[in-house]
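Data block for data_37.json (JSON, C-alpha atoms):
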```json
[["chain", "number", "residue", "atom", "x", "y", "z"],
["M", 1, "MET", "CA", 203.13, -105.07, 39.67],
["M", 2, "VAL", "CA", 206.72, -106.30, 39.51],
["M", 3, "ALA", "CA", 207.77, -107.88, 36.22],
["M", 4, "LEU", "CA", 209.76, -111.04, 36.47],
["M", 5, "PRO", "CA", 213.15, -111.00, 34.74],
["M", 6, "SER", "CA", 213.23, -112.90, 31.47],
["M", 7, "SER", "CA", 215.78, -115.53, 30.62],
["M", 8, "THR", "CA", 217.34, -113.07, 28.13],
["M", 9, "SER", "CA", 218.84, -109.96, 29.72],
["M", 10, "THR", "CA", 220.26, -106.84, 28.10],
["M", 11, "THR", "CA", 223.09, -104.48, 28.95],
["M", 12, "ALA", "CA", 222.77, -100.75, 28.98],
["M", 13, "GLY", "CA", 222.84, -99.61, 25.40],
["M", 14, "GLY", "CA", 224.17, -103.01, 24.26],
["M", 15, "PRO", "CA", 222.81, -106.03, 22.43],
["M", 16, "PRO", "CA", 220.80, -108.64, 24.29],
["M", 17, "LEU", "CA", 222.73, -111.36, 26.01],
["M", 18, "SER", "CA", 222.29, -115.01, 25.06],
["M", 19, "PRO", "CA", 219.99, -117.15, 27.20],
["M", 20, "VAL", "CA", 221.55, -118.78, 30.21],
["M", 21, "ALA", "CA", 222.06, -122.52, 29.64],
["M", 22, "PRO", "CA", 220.23, -124.76, 32.16],
["M", 23, "VAL", "CA", 222.39, -126.09, 34.93],
["M", 24, "GLY", "CA", 223.46, -129.70, 34.45],
["M", 25, "ARG", "CA", 223.02, -129.82, 30.65],
["M", 26, "ARG", "CA", 226.10, -130.72, 28.66],
["M", 27, "SER", "CA", 226.89, -131.61, 25.12],
["M", 28, "THR", "CA", 226.56, -135.29, 24.23],
["M", 29, "LYS", "CA", 228.71, -135.03, 21.12],
["M", 30, "GLY", "CA", 231.81, -136.31, 22.89],
["M", 31, "VAL", "CA", 229.85, -139.08, 24.57],
["M", 32, "THR", "CA", 228.36, -140.17, 21.22],
["M", 33, "ILE", "CA", 231.72, -140.28, 19.49],
["M", 34, "PHE", "CA", 233.18, -142.22, 22.42],
["M", 35, "GLY", "CA", 230.30, -144.72, 22.21],
["M", 36, "ILE", "CA", 230.84, -145.20, 18.48],
["M", 37, "VAL", "CA", 234.55, -145.83, 19.04],
["M", 38, "LEU", "CA", 233.75, -148.41, 21.71],
["M", 39, "ARG", "CA", 231.15, -150.18, 19.52],
["M", 40, "THR", "CA", 233.25, -150.28, 16.34],
["M", 41, "PRO", "CA", 235.14, -153.50, 17.30],
["M", 42, "TYR", "CA", 231.80, -155.13, 18.14],
["M", 43, "TRP", "CA", 230.32, -154.17, 14.76],
["M", 44, "VAL", "CA", 233.43, -155.36, 12.94],
["M", 45, "PHE", "CA", 233.42, -158.68, 14.79],
["M", 46, "THR", "CA", 229.71, -159.42, 14.31],
["M", 47, "GLY", "CA", 229.89, -158.36, 10.64],
["M", 48, "SER", "CA", 232.84, -160.69, 10.08],
["M", 49, "VAL", "CA", 231.05, -163.60, 11.75],
["M", 50, "GLY", "CA", 227.97, -162.90, 9.61],
["M", 51, "LEU", "CA", 230.06, -162.95, 6.44],
["M", 52, "ILE", "CA", 231.67, -166.23, 7.49],
["M", 53, "PHE", "CA", 228.23, -167.85, 7.82],
["M", 54, "LEU", "CA", 226.86, -166.26, 4.65],
["M", 55, "ALA", "CA", 229.88, -167.06, 2.46],
["M", 56, "PRO", "CA", 229.01, -170.77, 1.86],
["M", 57, "LEU", "CA", 225.40, -169.91, 1.00],
["M", 58, "LEU", "CA", 226.42, -167.16, -1.39],
["M", 59, "TRP", "CA", 229.05, -169.39, -3.00],
["M", 60, "THR", "CA", 226.48, -172.17, -3.45],
["M", 61, "ALA", "CA", 223.95, -169.78, -5.01],
["M", 62, "VAL", "CA", 226.53, -168.45, -7.48],
["M", 63, "ALA", "CA", 227.93, -171.91, -8.28],
["M", 64, "SER", "CA", 224.43, -173.29, -8.95],
["M", 65, "VAL", "CA", 224.11, -171.05, -12.03],
["M", 66, "GLY", "CA", 227.79, -171.03, -12.99],
["M", 67, "PRO", "CA", 229.54, -173.26, -15.55],
["M", 68, "GLN", "CA", 230.91, -176.52, -14.14],
["M", 69, "ALA", "CA", 232.44, -179.49, -15.88],
["M", 70, "GLY", "CA", 230.42, -182.69, -15.75],
["M", 71, "THR", "CA", 227.10, -180.90, -15.16],
["M", 72, "ASN", "CA", 224.22, -179.76, -17.31],
["M", 73, "GLN", "CA", 225.62, -176.22, -17.16],
["M", 74, "VAL", "CA", 228.98, -176.52, -18.88],
["M", 75, "ASP", "CA", 229.15, -173.35, -20.99],
["M", 76, "GLY", "CA", 228.27, -169.94, -19.62],
["M", 77, "TRP", "CA", 225.85, -168.97, -16.90],
["M", 78, "GLY", "CA", 222.33, -170.35, -16.79],
["M", 79, "PHE", "CA", 219.83, -172.64, -15.11],
["M", 80, "GLY", "CA", 220.92, -175.98, -16.52],
["M", 81, "ASN", "CA", 221.54, -177.41, -13.05],
["M", 82, "TYR", "CA", 218.01, -176.46, -12.03],
["M", 83, "GLU", "CA", 216.68, -178.23, -15.12],
["M", 84, "THR", "CA", 218.52, -181.38, -14.03],
["M", 85, "LEU", "CA", 216.98, -181.07, -10.58],
["M", 86, "ALA", "CA", 213.51, -180.41, -12.00],
["M", 87, "ASN", "CA", 213.57, -183.47, -14.27],
["M", 88, "TYR", "CA", 215.03, -185.94, -11.80],
["M", 89, "GLN", "CA", 212.79, -189.04, -11.46],
["M", 90, "ALA", "CA", 209.33, -187.88, -10.27],
["M", 91, "GLY", "CA", 210.29, -184.21, -10.64],
["M", 92, "ILE", "CA", 211.11, -181.47, -8.21],
["M", 93, "TRP", "CA", 207.48, -180.37, -7.87],
["M", 94, "ARG", "CA", 206.52, -183.79, -6.57],
["M", 95, "TYR", "CA", 209.31, -183.74, -4.01],
["M", 96, "LEU", "CA", 208.48, -180.16, -3.01],
["M", 97, "ALA", "CA", 204.86, -181.20, -2.47],
["M", 98, "ASN", "CA", 205.97, -184.14, -0.32],
["M", 99, "SER", "CA", 208.25, -181.95, 1.80],
["M", 100, "THR", "CA", 205.56, -179.30, 2.14],
["M", 101, "PHE", "CA", 202.97, -181.85, 3.26],
["M", 102, "VAL", "CA", 205.31, -183.38, 5.85],
["M", 103, "SER", "CA", 206.39, -179.96, 7.13],
["M", 104, "LEU", "CA", 202.89, -178.51, 7.43],
["M", 105, "LEU", "CA", 201.52, -181.63, 9.13],
["M", 106, "THR", "CA", 204.46, -181.63, 11.56],
["M", 107, "VAL", "CA", 203.95, -177.94, 12.35],
["M", 108, "THR", "CA", 200.20, -178.41, 12.89],
["M", 109, "LEU", "CA", 200.55, -181.40, 15.20],
["M", 110, "THR", "CA", 203.44, -179.83, 17.11],
["M", 111, "LEU", "CA", 201.55, -176.58, 17.67],
["M", 112, "LEU", "CA", 198.37, -178.28, 18.85],
["M", 113, "ILE", "CA", 200.00, -180.76, 21.22],
["M", 114, "SER", "CA", 202.59, -178.35, 22.66],
["M", 115, "LEU", "CA", 199.94, -175.63, 23.10],
["M", 116, "PHE", "CA", 197.69, -177.80, 25.26],
["M", 117, "GLY", "CA", 200.64, -179.51, 26.95],
["M", 118, "GLY", "CA", 202.34, -176.24, 27.85],
["M", 119, "TYR", "CA", 199.03, -174.81, 29.10],
["M", 120, "ALA", "CA", 198.40, -177.85, 31.30],
["M", 121, "PHE", "CA", 201.91, -177.84, 32.78],
["M", 122, "ALA", "CA", 201.80, -174.08, 33.42],
["M", 123, "ARG", "CA", 198.29, -173.61, 34.78],
["M", 124, "PHE", "CA", 197.04, -176.89, 36.29],
["M", 125, "ARG", "CA", 198.12, -178.91, 39.30],
["M", 126, "PHE", "CA", 197.92, -182.68, 39.12],
["M", 127, "PRO", "CA", 199.84, -185.56, 40.70],
["M", 128, "GLY", "CA", 203.20, -186.27, 39.07],
["M", 129, "LYS", "CA", 203.22, -183.10, 37.00],
["M", 130, "ASN", "CA", 206.92, -182.37, 37.43],
["M", 131, "ILE", "CA", 207.91, -186.01, 36.93],
["M", 132, "LEU", "CA", 205.88, -186.21, 33.72],
["M", 133, "PHE", "CA", 207.48, -182.98, 32.49],
["M", 134, "LEU", "CA", 210.98, -184.34, 33.19],
["M", 135, "VAL", "CA", 210.13, -187.57, 31.37],
["M", 136, "THR", "CA", 208.98, -185.50, 28.39],
["M", 137, "LEU", "CA", 212.24, -183.56, 28.37],
["M", 138, "ALA", "CA", 214.21, -186.80, 28.72],
["M", 139, "ILE", "CA", 213.39, -187.61, 25.10],
["M", 140, "LEU", "CA", 215.94, -184.94, 24.17],
["M", 141, "MET", "CA", 218.69, -187.05, 25.75],
["M", 142, "VAL", "CA", 217.96, -190.07, 23.55],
["M", 143, "PRO", "CA", 219.99, -190.17, 20.31],
["M", 144, "TYR", "CA", 217.72, -189.47, 17.37],
["M", 145, "ALA", "CA", 218.93, -192.29, 15.10],
["M", 146, "THR", "CA", 218.62, -195.01, 17.73],
["M", 147, "LEU", "CA", 214.82, -194.73, 17.81],
["M", 148, "LEU", "CA", 214.16, -194.78, 14.08],
["M", 149, "ILE", "CA", 214.33, -198.56, 13.64],
["M", 150, "PRO", "CA", 211.92, -199.29, 16.56],
["M", 151, "LEU", "CA", 209.64, -196.57, 15.22],
["M", 152, "TYR", "CA", 209.79, -198.10, 11.76],
["M", 153, "VAL", "CA", 208.66, -201.44, 13.22],
["M", 154, "LEU", "CA", 205.85, -199.68, 15.13],
["M", 155, "LEU", "CA", 204.66, -197.80, 12.04],
["M", 156, "ASN", "CA", 204.72, -201.05, 10.07],
["M", 157, "GLN", "CA", 202.41, -202.65, 12.64],
["M", 158, "VAL", "CA", 199.87, -199.80, 12.46],
["M", 159, "GLY", "CA", 199.93, -199.60, 8.66],
["M", 160, "LEU", "CA", 201.88, -196.35, 8.30],
["M", 161, "GLU", "CA", 205.06, -197.75, 6.79],
["M", 162, "ASN", "CA", 206.34, -195.95, 3.69],
["M", 163, "SER", "CA", 203.94, -193.10, 4.51],
["M", 164, "LEU", "CA", 204.42, -189.35, 4.65],
["M", 165, "VAL", "CA", 201.99, -189.25, 7.58],
["M", 166, "GLY", "CA", 204.24, -191.67, 9.47],
["M", 167, "VAL", "CA", 207.26, -189.45, 8.79],
["M", 168, "ALA", "CA", 205.35, -186.42, 10.10],
["M", 169, "LEU", "CA", 204.34, -188.30, 13.26],
["M", 170, "VAL", "CA", 207.95, -189.29, 13.95],
["M", 171, "LEU", "CA", 209.20, -185.75, 13.41],
["M", 172, "THR", "CA", 206.44, -184.40, 15.65],
["M", 173, "MET", "CA", 207.48, -186.74, 18.45],
["M", 174, "PHE", "CA", 211.03, -185.43, 18.39],
["M", 175, "GLN", "CA", 209.83, -181.81, 18.34],
["M", 176, "LEU", "CA", 207.45, -182.11, 21.28],
["M", 177, "PRO", "CA", 209.91, -181.99, 24.24],
["M", 178, "PHE", "CA", 211.46, -178.65, 23.32],
["M", 179, "SER", "CA", 208.13, -177.25, 22.05],
["M", 180, "THR", "CA", 206.30, -178.18, 25.26],
["M", 181, "PHE", "CA", 209.07, -176.67, 27.36],
["M", 182, "LEU", "CA", 208.96, -173.41, 25.36],
["M", 183, "MET", "CA", 205.17, -173.19, 25.56],
["M", 184, "ARG", "CA", 205.23, -173.83, 29.30],
["M", 185, "ILE", "CA", 207.58, -170.92, 29.99],
["M", 186, "SER", "CA", 205.54, -168.77, 27.58],
["M", 187, "PHE", "CA", 202.38, -169.41, 29.58],
["M", 188, "GLU", "CA", 204.18, -168.93, 32.89],
["M", 189, "ALA", "CA", 205.31, -165.49, 31.72],
["M", 190, "VAL", "CA", 201.65, -164.41, 31.41],
["M", 191, "PRO", "CA", 200.14, -163.18, 34.72],
["M", 192, "ARG", "CA", 197.61, -165.61, 36.17],
["M", 193, "GLU", "CA", 195.29, -162.69, 36.88],
["M", 194, "LEU", "CA", 194.36, -162.54, 33.19],
["M", 195, "ASP", "CA", 192.83, -166.00, 32.90],
["M", 196, "GLU", "CA", 191.47, -165.83, 36.46],
["M", 197, "ALA", "CA", 189.61, -162.64, 35.57],
["M", 198, "ALA", "CA", 188.29, -164.30, 32.41],
["M", 199, "MET", "CA", 187.01, -167.26, 34.43],
["M", 200, "VAL", "CA", 185.33, -164.91, 36.88],
["M", 201, "ASP", "CA", 183.50, -163.39, 33.92],
["M", 202, "GLY", "CA", 182.21, -166.83, 32.98],
["M", 203, "CYS", "CA", 184.87, -168.24, 30.65],
["M", 204, "SER", "CA", 185.82, -171.89, 30.83],
["M", 205, "SER", "CA", 189.45, -173.00, 30.83],
["M", 206, "PHE", "CA", 189.31, -173.52, 27.07],
["M", 207, "SER", "CA", 187.64, -170.15, 26.47],
["M", 208, "ALA", "CA", 190.26, -168.39, 28.61],
["M", 209, "LEU", "CA", 192.99, -170.14, 26.67],
["M", 210, "TRP", "CA", 191.48, -169.24, 23.28],
["M", 211, "ARG", "CA", 190.40, -165.65, 23.98],
["M", 212, "VAL", "CA", 192.92, -164.38, 26.53],
["M", 213, "LEU", "CA", 196.08, -166.46, 26.68],
["M", 214, "LEU", "CA", 196.51, -167.39, 23.04],
["M", 215, "PRO", "CA", 197.24, -163.82, 21.86],
["M", 216, "ALA", "CA", 199.68, -163.39, 24.78],
["M", 217, "VAL", "CA", 201.74, -166.46, 23.84],
["M", 218, "LYS", "CA", 201.73, -165.76, 20.10],
["M", 219, "PRO", "CA", 205.55, -165.23, 19.93],
["M", 220, "GLY", "CA", 206.12, -168.61, 21.57],
["M", 221, "LEU", "CA", 203.76, -170.31, 19.12],
["M", 222, "ILE", "CA", 205.54, -168.73, 16.16],
["M", 223, "THR", "CA", 208.90, -169.86, 17.52],
["M", 224, "VAL", "CA", 207.63, -173.42, 17.99],
["M", 225, "GLY", "CA", 206.13, -173.46, 14.50],
["M", 226, "LEU", "CA", 209.30, -172.11, 12.91],
["M", 227, "PHE", "CA", 211.47, -174.68, 14.69],
["M", 228, "ALA", "CA", 209.13, -177.50, 13.68],
["M", 229, "PHE", "CA", 209.07, -176.37, 10.06],
["M", 230, "LEU", "CA", 212.84, -176.06, 9.77],
["M", 231, "ALA", "CA", 213.37, -179.47, 11.36],
["M", 232, "ALA", "CA", 210.80, -181.20, 9.14],
["M", 233, "TRP", "CA", 211.80, -179.41, 5.94],
["M", 234, "ASN", "CA", 215.49, -180.22, 6.27],
["M", 235, "ASP", "CA", 215.30, -183.66, 7.89],
["M", 236, "PHE", "CA", 217.07, -186.42, 5.99],
["M", 237, "MET", "CA", 217.39, -189.32, 8.42],
["M", 238, "ALA", "CA", 213.70, -190.08, 9.04],
["M", 239, "PRO", "CA", 212.66, -190.15, 5.34],
["M", 240, "LEU", "CA", 215.73, -192.25, 4.56],
["M", 241, "ILE", "CA", 214.66, -194.96, 7.03],
["M", 242, "LEU", "CA", 210.88, -194.73, 6.68],
["M", 243, "ILE", "CA", 210.36, -194.07, 2.95],
["M", 244, "ASN", "CA", 211.03, -196.71, 0.29],
["M", 245, "ASP", "CA", 209.02, -195.38, -2.65],
["M", 246, "THR", "CA", 210.74, -192.82, -4.93],
["M", 247, "GLU", "CA", 207.37, -191.13, -5.50],
["M", 248, "ARG", "CA", 207.14, -190.31, -1.78],
["M", 249, "MET", "CA", 210.65, -189.04, -1.18],
["M", 250, "THR", "CA", 211.08, -185.62, 0.38],
["M", 251, "LEU", "CA", 213.32, -183.04, -1.26],
["M", 252, "PRO", "CA", 216.42, -183.60, 0.96],
["M", 253, "LEU", "CA", 216.31, -187.32, 0.19],
["M", 254, "ALA", "CA", 215.83, -186.66, -3.53],
["M", 255, "VAL", "CA", 218.79, -184.24, -3.60],
["M", 256, "SER", "CA", 220.94, -186.83, -1.83],
["M", 257, "ASN", "CA", 220.01, -189.51, -4.38],
["M", 258, "LEU", "CA", 220.59, -187.10, -7.26],
["M", 259, "ARG", "CA", 224.05, -186.32, -5.94],
["M", 260, "GLY", "CA", 225.54, -189.65, -7.07],
["M", 261, "GLN", "CA", 223.18, -190.83, -9.77],
["M", 262, "VAL", "CA", 225.69, -191.47, -12.60],
["M", 263, "GLN", "CA", 228.19, -194.26, -11.74],
["M", 264, "GLY", "CA", 229.01, -192.68, -8.41],
["M", 265, "VAL", "CA", 230.08, -189.37, -10.01],
["M", 266, "VAL", "CA", 228.90, -186.42, -7.93],
["M", 267, "ASP", "CA", 226.78, -183.90, -9.83],
["M", 268, "TYR", "CA", 227.84, -180.85, -7.86],
["M", 269, "GLY", "CA", 225.86, -178.43, -9.98],
["M", 270, "ALA", "CA", 222.51, -180.15, -9.41],
["M", 271, "THR", "CA", 223.38, -180.65, -5.75],
["M", 272, "GLU", "CA", 224.06, -176.94, -5.32],
["M", 273, "ALA", "CA", 220.78, -176.14, -7.05],
["M", 274, "GLY", "CA", 219.00, -178.46, -4.64],
["M", 275, "VAL", "CA", 220.64, -176.76, -1.66],
["M", 276, "VAL", "CA", 219.44, -173.36, -2.91],
["M", 277, "VAL", "CA", 215.87, -174.63, -3.34],
["M", 278, "LEU", "CA", 215.97, -176.14, 0.16],
["M", 279, "ALA", "CA", 217.38, -172.99, 1.74],
["M", 280, "LEU", "CA", 215.09, -170.39, 0.17],
["M", 281, "PRO", "CA", 211.88, -171.17, 2.15],
["M", 282, "CYS", "CA", 213.84, -171.32, 5.40],
["M", 283, "ILE", "CA", 215.51, -167.95, 4.76],
["M", 284, "VAL", "CA", 212.25, -166.26, 3.76],
["M", 285, "LEU", "CA", 210.33, -167.60, 6.76],
["M", 286, "PHE", "CA", 213.07, -166.62, 9.20],
["M", 287, "LEU", "CA", 213.30, -163.07, 7.80],
["M", 288, "LEU", "CA", 209.52, -162.67, 8.05],
["M", 289, "LEU", "CA", 209.23, -164.08, 11.57],
["M", 290, "GLN", "CA", 212.55, -163.15, 13.18],
["M", 291, "ARG", "CA", 210.98, -160.48, 15.41],
["M", 292, "HIS", "CA", 208.49, -162.97, 16.89],
["M", 293, "TYR", "CA", 211.24, -165.62, 16.97],
["M", 294, "VAL", "CA", 213.40, -163.49, 19.28],
["M", 295, "ARG", "CA", 210.42, -162.52, 21.45],
["M", 296, "GLY", "CA", 209.44, -166.18, 21.76],
["M", 297, "PHE", "CA", 212.87, -167.07, 23.07],
["M", 298, "MET", "CA", 212.70, -164.19, 25.54],
["M", 299, "SER", "CA", 209.34, -165.38, 26.92],
["M", 300, "GLY", "CA", 209.72, -166.04, 30.60],
["M", 301, "ALA", "CA", 213.35, -164.88, 30.66],
["M", 302, "MET", "CA", 212.61, -162.22, 33.28],
["M", 303, "LYS", "CA", 210.26, -164.37, 35.34],
["M", 304, "GLY", "CA", 211.48, -164.63, 38.90]]
```

If you took the structure in this file and wrote it as structure tokens, what would it be?
Amino acid sequence: MVALPSSTSTTAGGPPLSPVAPVGRRSTKGVTIFGIVLRTPYWVFTGSVGLIFLAPLLWTAVASVGPQAGTNQVDGWGFGNYETLANYQAGIWRYLANSTFVSLLTVTLTLLISLFGGYAFARFRFPGKNILFLVTLAILMVPYATLLIPLYVLLNQVGLENSLVGVALVLTMFQLPFSTFLMRISFEAVPRELDEAAMVDGCSSFSALWRVLLPAVKPGLITVGLFAFLAAWNDFMAPLILINDTERMTLPLAVSNLRGQVQGVVDYGATEAGVVVLALPCIVLFLLLQRHYVRGFMSGAMKG
């Protein structure tokens, strides 16, 4: 029986030779260093842009606890500005509750309506579907402020004037065009074979949506919900026009009123504290959901 030669050979009376390197394999050290050199300007640029955007937020956070003349935090570092914000009129907890109620109701209504609307536009055929979809998107071309007065008159006629529910309905209306568009492309990115197979197994359209399609479009739903929350939480114009009672003001409106409460003098310290309180929930939610947020935007991007 002939023995096959091993990858390590020896010389007569000498030490064994090193294994023969496979053909085509080469060191990637030079390639890696070259890649790092090429990416360094990109990292420097993106890091600089990130610092530019973060600098105002960091400055506001530091200034909200720093000493400032004409504020409740004159000497040393502390939370005097936050005490001013907490004790303003009905109190910060009341305004936080109002903003939370408006935001959660807006998110709930936006998710429900855009979910069924996107599903209908993506999966069903009916007369005038494309025209109706274009009309829905056309709302985005209407200036936001121009519709608030007619909407105020409409809410007054249905008994929802000076109401947080009315504010949530208005904010939902302005969120629906983009949300419906995003949900439609999310559903279109899911193969039709999935819900068709579910219907063959006996599922109805609603059951296929709930059991099969809903998990597949989860990133799109999270993106829609995050957009709706950020818009409702930070909106100032709609509460300004639709809310007259100080007890029902949202936090952005309360911070704006607090800003010039004493003879037109701006209380910058309390204003900066209000900005920090407004920004914290948005930052936390975005950091928690950023992975789904990016995937939601990529839904349907590769669809042919």

Next on the checklist: With all atoms listed in the file as the counted atoms, please give the residues lying no more than 7 Å from region 110-112 of chain M, apart from itself and same-chain residues fewer than 2 positions off, as JSON, numbers by chain.
Outcome noted: {"M": [106, 107, 108, 114, 115, 116, 172, 175, 176, 221, 224, 225]}

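Relative to CA of Pro219 (chain M), CA of Ala232 (chain M) is found at 20.0 Å.
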
Using only C-alpha atoms, which protein or nucleic acid residues come within 9 Å of Leu164 (chain M)? Drop anything in the same chain fewer than 2 positions from it, and give the result as a PDB file with C-alpha atoms, in the frame of the given file.
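So selection12.pdb came out as:
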```pdb
ATOM      1  CA  ASN M  98     205.970-184.140  -0.320  1.00  0.00           C
ATOM      2  CA  SER M  99     208.250-181.950   1.800  1.00  0.00           C
ATOM      3  CA  PHE M 101     202.970-181.850   3.260  1.00  0.00           C
ATOM      4  CA  VAL M 102     205.310-183.380   5.850  1.00  0.00           C
ATOM      5  CA  LEU M 160     201.880-196.350   8.300  1.00  0.00           C
ATOM      6  CA  GLU M 161     205.060-197.750   6.790  1.00  0.00           C
ATOM      7  CA  ASN M 162     206.340-195.950   3.690  1.00  0.00           C
ATOM      8  CA  GLY M 166     204.240-191.670   9.470  1.00  0.00           C
ATOM      9  CA  VAL M 167     207.260-189.450   8.790  1.00  0.00           C
ATOM     10  CA  ALA M 168     205.350-186.420  10.100  1.00  0.00           C
ATOM     11  CA  LEU M 169     204.340-188.300  13.260  1.00  0.00           C
ATOM     12  CA  PRO M 239     212.660-190.150   5.340  1.00  0.00           C
ATOM     13  CA  LEU M 242     210.880-194.730   6.680  1.00  0.00           C
ATOM     14  CA  ILE M 243     210.360-194.070   2.950  1.00  0.00           C
ATOM     15  CA  ARG M 248     207.140-190.310  -1.780  1.00  0.00           C
ATOM     16  CA  MET M 249     210.650-189.040  -1.180  1.00  0.00           C
ATOM     17  CA  THR M 250     211.080-185.620   0.380  1.00  0.00           C
TER      18      THR M 250
END
```

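Remark: for Leu240 (chain M), the closest of the candidate residues M:Ile149, M:Leu96, M:Leu182, M:Leu132 is M:Ile149 (distances computed over all atoms listed in the file).
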
Next on the checklist: Please determine, counting all atoms listed in the file, which residue among M:Ala273, M:Val200, M:Val49, M:Ala86 has the shortest atom-to-atom distance to Ala61 (chain M).
Outcome noted: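 Of all the options, M:Ala273 lies closest to Ala61 (chain M).
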
Next on the checklist: Applying 12 Å and all atoms listed in the file, which residues near Leu147 (chain M) remain after dropping the ones on its own chain fewer than 4 positions away? List them as a PyMOL selection string.
Outcome noted: chain M and resi 139-143+151-154+170-171+173-174+237-238+241-242

Item to check | Pick from M:Gln89, M:Gln73, M:Thr60, M:Thr136 nearest to Glu272 (chain M), counting only C-alpha atoms | outcome: M:Thr60

Checklist entry - Of the candidates M:Ser48, M:Ser163, M:Asn156, M:Thr223, which shows the shortest atom-to-atom distance to Ser179 (chain M), using all atoms listed in the file? => result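 That would be M:Thr223, the residue with the smallest distance to Ser179 (chain M).
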